[in-house]
$ cat query_25.cif   # mmCIF, C-alpha atoms
data_target
loop_
_atom_site.label_atom_id
_atom_site.label_comp_id
_atom_site.auth_asym_id
_atom_site.auth_seq_id
_atom_site.Cartn_x
_atom_site.Cartn_y
_atom_site.Cartn_z
CA MET A 118 0.00 0.00 0.00
CA THR A 119 1.42 3.37 -1.00
CA THR A 120 1.93 6.25 1.40
CA LEU A 121 -0.75 8.18 -0.50
CA MET A 122 -3.26 5.37 -0.07
CA ARG A 123 -2.50 5.11 3.64
CA GLY A 124 -3.03 8.84 3.99
CA ILE A 125 -6.37 8.66 2.19
CA ILE A 126 -7.54 5.79 4.44
CA VAL A 127 -6.48 7.59 7.65
CA PHE A 128 -8.23 10.76 6.48
CA ALA A 129 -11.39 8.84 5.67
CA LEU A 130 -11.40 7.10 9.05
CA ASN A 131 -10.95 10.39 10.90
CA LEU A 132 -13.72 11.95 8.84
CA LEU A 133 -16.01 9.03 9.63
CA CYS A 134 -15.28 9.36 13.37
CA ALA A 135 -16.02 13.08 13.24
CA MET A 136 -19.31 12.43 11.45
CA THR A 137 -20.32 9.71 13.92
CA TRP A 138 -20.80 12.14 16.79
CA ALA A 139 -23.20 15.04 16.56
CA ALA A 140 -21.74 18.16 18.16
CA CYS A 141 -23.29 19.74 21.22
CA SER A 142 -26.12 22.09 20.30
CA ARG A 143 -24.68 24.95 22.38
CA PRO A 144 -21.77 25.72 24.72
CA ILE A 145 -21.86 23.59 27.86
CA ILE A 146 -21.64 25.67 31.05
CA VAL A 147 -19.38 24.26 33.77
CA PRO A 148 -19.27 26.61 36.81
CA ALA A 149 -15.68 26.65 38.07
CA ALA A 150 -14.74 27.01 41.73
CA PRO A 151 -11.19 26.38 43.01
CA THR A 152 -10.86 22.68 43.94
CA GLY A 153 -7.19 21.83 44.33
CA TYR A 154 -5.62 20.90 41.02
CA SER A 155 -8.95 19.42 39.94
CA ILE A 156 -9.99 22.96 39.04
CA ARG A 157 -7.34 25.66 39.27
CA ILE A 158 -7.98 29.37 38.89
CA VAL A 159 -4.94 31.58 38.41
CA ASP A 160 -5.27 35.16 37.14
CA ASN A 161 -8.91 34.43 36.17
CA GLN A 162 -7.79 31.53 33.97
CA VAL A 163 -9.37 28.10 34.56
CA SER A 164 -7.12 25.04 34.28
CA GLY A 165 -6.52 21.77 36.08
CA ILE A 166 -7.44 18.13 35.71
CA TYR A 167 -11.12 18.37 34.83
CA PRO A 168 -11.03 21.44 32.56
CA GLU A 169 -8.14 19.81 30.69
CA LEU A 170 -10.09 16.55 30.41
CA LEU A 171 -13.26 18.23 29.14
CA ARG A 172 -11.44 20.42 26.64
CA GLU A 173 -9.70 17.42 25.11
CA LEU A 174 -12.93 15.45 24.88
CA GLY A 175 -14.68 18.52 23.50
CA LYS A 176 -12.26 18.68 20.58
CA LYS A 177 -13.13 15.13 19.64
CA TYR A 178 -16.89 15.36 20.06
CA GLY A 179 -17.47 18.91 18.90
CA CYS A 180 -18.45 20.38 22.28
CA GLN A 181 -17.36 23.72 23.68
CA PHE A 182 -17.08 24.01 27.45
CA VAL A 183 -17.36 27.39 29.16
CA PHE A 184 -16.07 27.81 32.72
CA PRO A 185 -17.56 30.83 34.55
CA ILE A 186 -15.61 31.46 37.76
CA VAL A 187 -17.85 31.40 40.84
CA PRO A 188 -17.69 30.39 44.53
CA ARG A 189 -18.39 26.72 45.23
CA ALA A 190 -21.86 27.34 46.67
CA ARG A 191 -22.79 29.39 43.61
CA ALA A 192 -21.55 26.62 41.29
CA GLU A 193 -23.85 24.10 42.94
CA ALA A 194 -26.81 26.49 42.84
CA MET A 195 -26.28 27.18 39.13
CA VAL A 196 -26.52 23.48 38.25
CA PHE A 197 -29.13 22.30 40.74
CA ASN A 198 -31.36 25.33 41.28
CA SER A 199 -31.29 28.05 38.63
CA GLY A 200 -30.42 25.97 35.56
CA GLU A 201 -27.64 28.41 34.63
CA GLY A 202 -25.06 25.59 34.72
CA ASP A 203 -24.95 22.20 33.03
CA LEU A 204 -22.20 20.21 34.76
CA LEU A 205 -20.96 20.24 38.35
CA LEU A 206 -17.55 18.65 38.91
CA PRO A 207 -15.63 17.29 40.65
CA VAL A 208 -18.31 16.50 43.18
CA SER A 209 -19.09 13.68 45.57
CA ARG A 210 -22.31 11.75 45.44
CA ASN A 211 -24.98 11.95 48.12
CA SER A 212 -28.71 11.34 48.32
CA THR A 213 -29.66 15.03 48.41
CA ARG A 214 -27.78 15.77 45.19
CA ASP A 215 -29.24 12.66 43.55
CA GLN A 216 -32.67 14.28 43.78
CA LYS A 217 -31.48 17.30 41.80
CA GLY A 218 -29.29 15.90 39.03
CA GLU A 219 -27.89 12.78 37.41
CA PHE A 220 -24.59 11.53 38.79
CA TYR A 221 -21.87 10.00 36.63
CA TYR A 222 -19.15 8.16 38.55
CA LEU A 223 -15.48 8.85 37.74
CA THR A 224 -13.36 8.06 40.82
CA THR A 225 -13.52 6.75 44.36
CA ILE A 226 -11.93 8.94 47.02
CA ARG A 227 -11.30 8.82 50.73
CA PRO A 228 -11.30 12.05 52.78
CA SER A 229 -8.80 12.66 55.59
CA LEU A 230 -8.87 14.34 58.96
CA VAL A 231 -6.51 17.34 58.63
CA PHE A 232 -4.88 19.15 61.56
CA LEU A 233 -1.66 20.76 62.78
CA LYS A 234 1.09 18.40 63.91
CA SER A 235 1.69 20.79 66.80
CA LYS A 236 -1.92 20.28 67.92
CA PRO A 237 -2.35 16.55 67.32
CA ILE A 238 -5.76 14.92 67.31
CA ALA A 239 -5.80 11.31 68.47
CA ALA A 240 -9.17 10.58 66.84
CA THR A 241 -9.26 8.34 63.78
CA SER A 242 -13.02 8.41 63.23
CA LEU A 243 -15.76 10.99 62.81
CA GLN A 244 -17.41 9.58 65.92
CA ALA A 245 -14.30 10.21 68.00
CA VAL A 246 -13.98 13.76 66.66
CA GLN A 247 -17.64 14.36 67.45
CA ALA A 248 -17.12 13.08 71.00
CA SER A 249 -14.18 15.47 71.54
CA VAL A 250 -16.39 18.45 72.32
CA ASN A 251 -13.50 20.92 72.53
CA LEU A 252 -12.54 20.40 68.89
CA LYS A 253 -13.84 22.92 66.36
CA GLY A 254 -13.76 22.47 62.61
CA ALA A 255 -13.64 24.64 59.50
CA PHE A 256 -15.27 23.48 56.27
CA VAL A 257 -15.96 24.73 52.77
CA ARG A 258 -19.65 25.43 52.37
CA THR A 259 -21.37 22.76 50.16
CA TYR A 260 -18.42 20.33 50.25
CA SER A 261 -19.77 16.86 50.96
CA TYR A 262 -18.27 13.41 51.38
CA GLY A 263 -21.42 11.37 51.63
CA ASP A 264 -24.27 11.02 54.07
CA GLU A 265 -22.09 10.11 57.09
CA TYR A 266 -20.11 13.30 56.60
CA ASN A 267 -23.29 15.35 56.22
CA HIS A 268 -24.71 13.96 59.47
CA PHE A 269 -21.41 14.62 61.26
CA LEU A 270 -21.43 18.21 60.04
CA GLU A 271 -25.03 18.77 61.14
CA VAL A 272 -24.23 17.51 64.65
CA LEU A 273 -21.25 19.85 64.92
CA LYS A 274 -23.36 22.75 63.64
CA SER A 275 -25.92 22.09 66.38
CA GLN A 276 -23.06 22.30 68.91
CA ASN A 277 -21.68 25.56 67.45
CA ARG A 278 -18.41 23.81 66.55
CA VAL A 279 -18.32 24.67 62.84
CA THR A 280 -17.08 27.57 60.74
CA LEU A 281 -18.31 27.48 57.14
CA VAL A 282 -16.41 29.42 54.46
CA ASN A 283 -16.43 29.69 50.68
CA ASP A 284 -12.91 28.51 49.80
CA MET A 285 -10.32 26.02 51.02
CA ASP A 286 -7.62 28.67 51.44
CA VAL A 287 -9.74 30.25 54.20
CA VAL A 288 -10.00 26.86 55.92
CA ALA A 289 -6.20 26.50 55.80
CA LYS A 290 -5.72 30.01 57.20
CA LEU A 291 -8.14 29.33 60.07
CA ILE A 292 -6.25 26.16 60.98
CA ASN A 293 -2.91 27.95 60.67
CA ALA A 294 -4.15 30.73 62.97
CA GLN A 295 -5.48 28.04 65.36
CA ARG A 296 -8.99 29.43 65.06
CA ALA A 297 -10.05 25.96 63.94
CA ASP A 298 -8.62 22.63 65.01
CA PHE A 299 -9.31 20.50 61.95
CA THR A 300 -11.11 19.94 58.68
CA VAL A 301 -12.21 16.84 56.79
CA VAL A 302 -11.30 16.94 53.11
CA ALA A 303 -9.55 15.05 50.33
CA ALA A 304 -5.80 15.35 51.00
CA THR A 305 -5.14 16.45 47.40
CA ILE A 306 -7.38 19.51 47.75
CA PHE A 307 -5.77 20.74 50.96
CA ALA A 308 -2.22 20.01 49.82
CA THR A 309 -2.79 21.90 46.56
CA GLU A 310 -3.94 24.96 48.47
CA LEU A 311 -0.71 24.91 50.48
CA ALA A 312 1.39 24.48 47.35
CA ASP A 313 -0.28 27.32 45.46
CA ASN A 314 -0.64 29.95 48.18
CA PRO A 315 2.57 31.76 49.26
CA ASP A 316 0.82 32.91 52.44
CA LEU A 317 0.50 29.27 53.49
CA ALA A 318 4.00 28.13 52.56
CA THR A 319 5.11 27.75 56.18
CA LEU A 320 2.16 25.44 56.81
CA ARG A 321 3.18 22.76 54.31
CA ASP A 322 5.36 20.72 56.68
CA GLN A 323 3.11 21.27 59.69
CA ILE A 324 -0.01 19.43 58.52
CA GLU A 325 -1.05 15.87 59.32
CA PHE A 326 -3.46 13.80 57.19
CA VAL A 327 -5.18 10.89 58.94
CA GLY A 328 -7.59 8.40 57.42
CA LEU A 329 -11.02 8.01 59.05
CA SER A 330 -12.27 4.54 59.88
CA ASP A 331 -16.01 5.25 59.96
CA ILE A 332 -16.48 7.21 56.77
CA ALA A 333 -17.05 5.19 53.65
CA THR A 334 -15.05 5.72 50.51
CA ILE A 335 -16.94 8.21 48.39
CA GLN A 336 -18.01 8.10 44.78
CA ASN A 337 -16.75 11.23 43.06
CA GLY A 338 -17.59 12.47 39.59
CA VAL A 339 -20.00 14.69 37.69
CA TYR A 340 -23.59 15.79 38.14
CA LEU A 341 -25.46 16.58 34.94
CA GLY A 342 -28.08 19.28 35.40
CA LYS A 343 -31.63 19.26 34.13
CA SER A 344 -30.82 22.23 31.89
CA LEU A 345 -29.46 19.87 29.20
CA ASN A 346 -31.61 18.83 26.26
CA ALA A 347 -31.82 15.12 25.45
CA PRO A 348 -29.24 15.02 22.59
CA ASP A 349 -26.64 17.01 24.54
CA HIS A 350 -27.27 14.90 27.64
CA ALA A 351 -26.74 11.68 25.68
CA LEU A 352 -23.58 13.00 24.01
CA LEU A 353 -22.07 14.09 27.32
CA LEU A 354 -22.72 10.64 28.78
CA THR A 355 -20.93 9.12 25.79
CA MET A 356 -18.00 11.46 26.36
CA LEU A 357 -17.83 10.63 30.05
CA SER A 358 -17.94 6.90 29.34
CA GLU A 359 -14.72 7.31 27.36
CA VAL A 360 -12.94 8.47 30.52
CA HIS A 361 -13.26 4.91 31.84
CA LEU A 362 -12.87 3.09 28.56
CA GLN A 363 -9.63 4.89 27.71
CA ASN A 364 -8.40 5.37 31.31
CA LEU A 365 -8.07 9.10 30.63
CA LEU A 366 -8.14 10.32 34.23
CA ARG A 367 -5.19 8.45 35.71
CA PRO A 368 -2.46 10.16 33.61
CA LEU A 369 -3.89 13.55 34.58
CA LEU A 370 -3.87 12.66 38.28
CA GLU A 371 -0.23 11.60 37.95
CA LYS A 372 0.58 14.81 36.10
CA TYR A 373 -0.71 17.03 38.90
CA TYR A 374 -0.26 15.01 42.13
CA SER A 375 2.50 13.08 43.86
CA LYS A 376 2.17 9.32 44.27
CA GLU A 377 1.75 9.83 48.03
CA LEU A 378 -1.21 12.18 47.60
CA ILE A 379 -2.82 9.89 45.03
CA GLN A 380 -2.48 6.94 47.41
CA ALA A 381 -3.93 9.00 50.29
CA THR A 382 -6.92 10.18 48.29
CA PHE A 383 -7.88 7.90 45.41
CA VAL A 384 -8.99 4.28 45.57
CA ARG A 385 -8.17 2.27 42.48
CA ASN A 386 -11.21 0.88 40.69
#
$ encode --input "query_25.cif" --output "structure tokens"
Amino acid sequence: MTTLMRGIIVFALNLLCAMTWAACSRPIIVPAAPTGYSIRIVDNQVSGIYPELLRELGKKYGCQFVFPIVPRARAEAMVFNSGEGDLLLPVSRNSTRDQKGEFYYLTTIRPSLVFLKSKPIAATSLQAVQASVNLKGAFVRTYSYGDEYNHFLEVLKSQNRVTLVNDMDVVAKLINAQRADFTVVAATIFATELADNPDLATLRDQIEFVGLSDIATIQNGVYLGKSLNAPDHALLLTMLSEVHLQNLLRPLLEKYYSKELIQATFVRN
């Protein structure tokens, strides 16, 4: 077979693949809030694991993704309440969110108890933290790691032991200033905040991450909002299925995170 013939065949196959998938009917809105290296915002530019993943898939399937920068609580409201957003990610699955959108699983994660080494916490379970009535926590508003976490947070709220803020950097600053004793979060998210924020540089070697025995591993992924029409919804599901089929997420995790952080946070499928 000549080089010309090979070129013609490759071109024809690529053209056929492009024609197989109908493009999205409009830009897909993905509200972007800082979430470690999963979604990074630097100088009003959105990057990170999931924007990179969606942009690459968008090139193949003919979908444009738009990332308006908003606080985390606003991102969730745009997808679940107002219909201004189409995809919410990365996000953990829980029963409340299941009533508002369709979840698509991508990874399994385990959150950690995070605290200062100089103020060690002996607890290795949510129950033990809850029983230590002098401990106060700081959390990002709307972050969730499943129903056990949600119940734990509600109990602490009822005991006035919780500070809720909009961003993880504020949580880190509260712990650094010893105005909060701990948080519960994926280790990758907290570690990224320390790596990216010069104001928190001195905190990097002072933080301890401890696994929690009574909180289940959490399904993490994408919620598709009800704003999507049927063809776009179906196409996005096809795109997301390719993440598993082609193992597209793992190389991106390894690009952005150390092996230690990956092992502390992500459970292999």
$ closest_residue --input "query_25.cif" --among "A:Leu233, A:Leu170, A:Val246, A:Met285" --to "A:Glu325" --atoms "all atoms listed in the file"
A:Leu233
$ residues_around --input "query_25.cif" --residues "A:Tyr374" --least-positions-apart "2" --cutoff "12 Å" --atoms "only C-alpha atoms" --output "list of chain:residue names"
A:Gly153, A:Tyr154, A:Ser155, A:Gly165, A:Ile166, A:Ala304, A:Thr305, A:Ile306, A:Phe307, A:Ala308, A:Thr309, A:Ala312, A:Arg367, A:Pro368, A:Leu369, A:Leu370, A:Glu371, A:Lys372, A:Lys376, A:Glu377, A:Leu378, A:Ile379, A:Gln380, A:Ala381, A:Thr382, A:Phe383
$ resolve_selection --input "query_25.cif" --expression "the PyMOL selection byres ((chain A and resi 300) around 10)" --output "list in words"
Pro228, Ser229, Leu230, Val231, Phe232, Lys253, Gly254, Ala255, Phe256, Val257, Val279, Thr280, Met285, Val288, Ala289, Leu291, Ile292, Ala297, Asp298, Phe299, Val301, Val302, Ala303, Phe307 and Phe326 of chain A
$ resolve_selection --input "query_25.cif" --expression "the PyMOL selection byres ((chain A and resi 348-365) around 7)" --output "PDB file with C-alpha atoms, keeping the file's coordinate frame"
ATOM      1  CA  CYS A 141     -23.290  19.740  21.220  1.00  0.00           C
ATOM      2  CA  SER A 142     -26.120  22.090  20.300  1.00  0.00           C
ATOM      3  CA  LEU A 174     -12.930  15.450  24.880  1.00  0.00           C
ATOM      4  CA  LEU A 345     -29.460  19.870  29.200  1.00  0.00           C
ATOM      5  CA  ASN A 346     -31.610  18.830  26.260  1.00  0.00           C
ATOM      6  CA  ALA A 347     -31.820  15.120  25.450  1.00  0.00           C
ATOM      7  CA  LEU A 366      -8.140  10.320  34.230  1.00  0.00           C
ATOM      8  CA  ARG A 367      -5.190   8.450  35.710  1.00  0.00           C
ATOM      9  CA  PRO A 368      -2.460  10.160  33.610  1.00  0.00           C
TER      10      PRO A 368
END
$ closest_residue --input "query_25.cif" --among "A:Ile238, A:Tyr222, A:Glu310, A:Pro315" --to "A:Gln336" --atoms "all atoms listed in the file"
A:Tyr222
$ closest_residue --input "query_25.cif" --among "A:Gln216, A:Thr152, A:Ser235, A:Thr224" --to "A:Leu341" --atoms "only C-alpha atoms"
A:Gln216
$ atom_distance --input "query_25.cif" --atom1 "atom CA of A:Pro237" --atom2 "atom CA of A:Thr259"
26.4 Å
$ atom_distance --input "query_25.cif" --atom1 "atom CA of A:Asp331" --atom2 "atom CA of A:Ile226"
14.1 Å
$ atom_distance --input "query_25.cif" --atom1 "atom CA of A:Glu193" --atom2 "atom CA of A:Leu270"
18.2 Å
$ resolve_selection --input "query_25.cif" --expression "the PyMOL selection byres ((chain A and resi 265) around 12)" --output "list in words"
Arg210, Asn211, Ser212, Pro228, Ser242, Leu243, Gln244, Ser261, Tyr262, Gly263, Asp264, Tyr266, Asn267, His268, Phe269, Leu270, Glu271, Val272, Val301, Leu329, Ser330, Asp331, Ile332, Ala333, Thr334 and Ile335 of chain A
$ residues_around --input "query_25.cif" --residues "A:Ser344" --least-positions-apart "5" --cutoff "12 Å" --atoms "all atoms listed in the file" --output "NGL selection string"
:A and (143 or 145-147 or 195-205 or 217-219 or 349-350)
$ build_atoms --input "query_25.cif" --residues "stretch 248-277 of chain A" --atoms "N, CA and C atoms" --output "PDB file, in the frame of the given file"
ATOM      1  N   ALA A 248     -17.111  13.247  69.546  1.00  0.00           N
ATOM      2  CA  ALA A 248     -17.120  13.080  71.000  1.00  0.00           C
ATOM      3  C   ALA A 248     -16.145  14.027  71.694  1.00  0.00           C
ATOM      4  N   SER A 249     -15.164  14.533  70.963  1.00  0.00           N
ATOM      5  CA  SER A 249     -14.180  15.470  71.540  1.00  0.00           C
ATOM      6  C   SER A 249     -14.752  16.877  71.442  1.00  0.00           C
ATOM      7  N   VAL A 250     -15.539  17.252  72.436  1.00  0.00           N
ATOM      8  CA  VAL A 250     -16.390  18.450  72.320  1.00  0.00           C
ATOM      9  C   VAL A 250     -15.594  19.743  72.267  1.00  0.00           C
ATOM     10  N   ASN A 251     -14.309  19.707  72.587  1.00  0.00           N
ATOM     11  CA  ASN A 251     -13.500  20.920  72.530  1.00  0.00           C
ATOM     12  C   ASN A 251     -12.950  21.198  71.131  1.00  0.00           C
ATOM     13  N   LEU A 252     -13.071  20.234  70.238  1.00  0.00           N
ATOM     14  CA  LEU A 252     -12.540  20.400  68.890  1.00  0.00           C
ATOM     15  C   LEU A 252     -13.533  21.163  68.018  1.00  0.00           C
ATOM     16  N   LYS A 253     -13.011  22.152  67.293  1.00  0.00           N
ATOM     17  CA  LYS A 253     -13.840  22.920  66.360  1.00  0.00           C
ATOM     18  C   LYS A 253     -13.282  22.782  64.948  1.00  0.00           C
ATOM     19  N   GLY A 254     -14.173  22.690  63.981  1.00  0.00           N
ATOM     20  CA  GLY A 254     -13.760  22.470  62.610  1.00  0.00           C
ATOM     21  C   GLY A 254     -14.081  23.624  61.687  1.00  0.00           C
ATOM     22  N   ALA A 255     -13.368  23.673  60.564  1.00  0.00           N
ATOM     23  CA  ALA A 255     -13.640  24.640  59.500  1.00  0.00           C
ATOM     24  C   ALA A 255     -13.858  23.849  58.213  1.00  0.00           C
ATOM     25  N   PHE A 256     -14.870  24.236  57.441  1.00  0.00           N
ATOM     26  CA  PHE A 256     -15.270  23.480  56.270  1.00  0.00           C
ATOM     27  C   PHE A 256     -15.675  24.423  55.147  1.00  0.00           C
ATOM     28  N   VAL A 257     -15.472  23.975  53.919  1.00  0.00           N
ATOM     29  CA  VAL A 257     -15.960  24.730  52.770  1.00  0.00           C
ATOM     30  C   VAL A 257     -17.459  24.464  52.614  1.00  0.00           C
ATOM     31  N   ARG A 258     -18.202  25.522  52.536  1.00  0.00           N
ATOM     32  CA  ARG A 258     -19.650  25.430  52.370  1.00  0.00           C
ATOM     33  C   ARG A 258     -19.974  24.613  51.106  1.00  0.00           C
ATOM     34  N   THR A 259     -20.860  23.667  51.208  1.00  0.00           N
ATOM     35  CA  THR A 259     -21.370  22.760  50.160  1.00  0.00           C
ATOM     36  C   THR A 259     -20.448  21.578  49.866  1.00  0.00           C
ATOM     37  N   TYR A 260     -19.205  21.541  50.407  1.00  0.00           N
ATOM     38  CA  TYR A 260     -18.420  20.330  50.250  1.00  0.00           C
ATOM     39  C   TYR A 260     -19.154  19.186  50.947  1.00  0.00           C
ATOM     40  N   SER A 261     -19.113  18.018  50.356  1.00  0.00           N
ATOM     41  CA  SER A 261     -19.770  16.860  50.960  1.00  0.00           C
ATOM     42  C   SER A 261     -18.987  15.604  50.622  1.00  0.00           C
ATOM     43  N   TYR A 262     -18.902  14.705  51.593  1.00  0.00           N
ATOM     44  CA  TYR A 262     -18.270  13.410  51.380  1.00  0.00           C
ATOM     45  C   TYR A 262     -19.223  12.291  51.808  1.00  0.00           C
ATOM     46  N   GLY A 263     -20.454  12.410  51.357  1.00  0.00           N
ATOM     47  CA  GLY A 263     -21.420  11.370  51.630  1.00  0.00           C
ATOM     48  C   GLY A 263     -22.309  11.670  52.816  1.00  0.00           C
ATOM     49  N   ASP A 264     -23.250  10.785  53.055  1.00  0.00           N
ATOM     50  CA  ASP A 264     -24.270  11.020  54.070  1.00  0.00           C
ATOM     51  C   ASP A 264     -23.706  10.992  55.491  1.00  0.00           C
ATOM     52  N   GLU A 265     -22.687  10.142  55.747  1.00  0.00           N
ATOM     53  CA  GLU A 265     -22.090  10.110  57.090  1.00  0.00           C
ATOM     54  C   GLU A 265     -21.435  11.454  57.415  1.00  0.00           C
ATOM     55  N   TYR A 266     -20.735  11.985  56.436  1.00  0.00           N
ATOM     56  CA  TYR A 266     -20.110  13.300  56.600  1.00  0.00           C
ATOM     57  C   TYR A 266     -21.159  14.367  56.845  1.00  0.00           C
ATOM     58  N   ASN A 267     -22.238  14.339  56.069  1.00  0.00           N
ATOM     59  CA  ASN A 267     -23.290  15.350  56.220  1.00  0.00           C
ATOM     60  C   ASN A 267     -23.897  15.309  57.612  1.00  0.00           C
ATOM     61  N   HIS A 268     -24.142  14.099  58.117  1.00  0.00           N
ATOM     62  CA  HIS A 268     -24.710  13.960  59.470  1.00  0.00           C
ATOM     63  C   HIS A 268     -23.728  14.489  60.510  1.00  0.00           C
ATOM     64  N   PHE A 269     -22.456  14.129  60.361  1.00  0.00           N
ATOM     65  CA  PHE A 269     -21.410  14.620  61.260  1.00  0.00           C
ATOM     66  C   PHE A 269     -21.389  16.137  61.296  1.00  0.00           C
ATOM     67  N   LEU A 270     -21.468  16.752  60.129  1.00  0.00           N
ATOM     68  CA  LEU A 270     -21.430  18.210  60.040  1.00  0.00           C
ATOM     69  C   LEU A 270     -22.649  18.841  60.708  1.00  0.00           C
ATOM     70  N   GLU A 271     -23.818  18.239  60.524  1.00  0.00           N
ATOM     71  CA  GLU A 271     -25.030  18.770  61.140  1.00  0.00           C
ATOM     72  C   GLU A 271     -24.949  18.707  62.662  1.00  0.00           C
ATOM     73  N   VAL A 272     -24.387  17.621  63.202  1.00  0.00           N
ATOM     74  CA  VAL A 272     -24.230  17.510  64.650  1.00  0.00           C
ATOM     75  C   VAL A 272     -23.309  18.598  65.164  1.00  0.00           C
ATOM     76  N   LEU A 273     -22.179  18.812  64.486  1.00  0.00           N
ATOM     77  CA  LEU A 273     -21.250  19.850  64.920  1.00  0.00           C
ATOM     78  C   LEU A 273     -21.863  21.243  64.805  1.00  0.00           C
ATOM     79  N   LYS A 274     -22.668  21.462  63.764  1.00  0.00           N
ATOM     80  CA  LYS A 274     -23.360  22.750  63.640  1.00  0.00           C
ATOM     81  C   LYS A 274     -24.263  22.991  64.846  1.00  0.00           C
ATOM     82  N   SER A 275     -24.988  21.953  65.246  1.00  0.00           N
ATOM     83  CA  SER A 275     -25.920  22.090  66.380  1.00  0.00           C
ATOM     84  C   SER A 275     -25.177  22.378  67.678  1.00  0.00           C
ATOM     85  N   GLN A 276     -23.887  22.055  67.729  1.00  0.00           N
ATOM     86  CA  GLN A 276     -23.060  22.300  68.910  1.00  0.00           C
ATOM     87  C   GLN A 276     -22.199  23.550  68.772  1.00  0.00           C
ATOM     88  N   ASN A 277     -22.443  24.324  67.708  1.00  0.00           N
ATOM     89  CA  ASN A 277     -21.680  25.560  67.450  1.00  0.00           C
ATOM     90  C   ASN A 277     -20.175  25.281  67.374  1.00  0.00           C
TER      91      ASN A 277
END
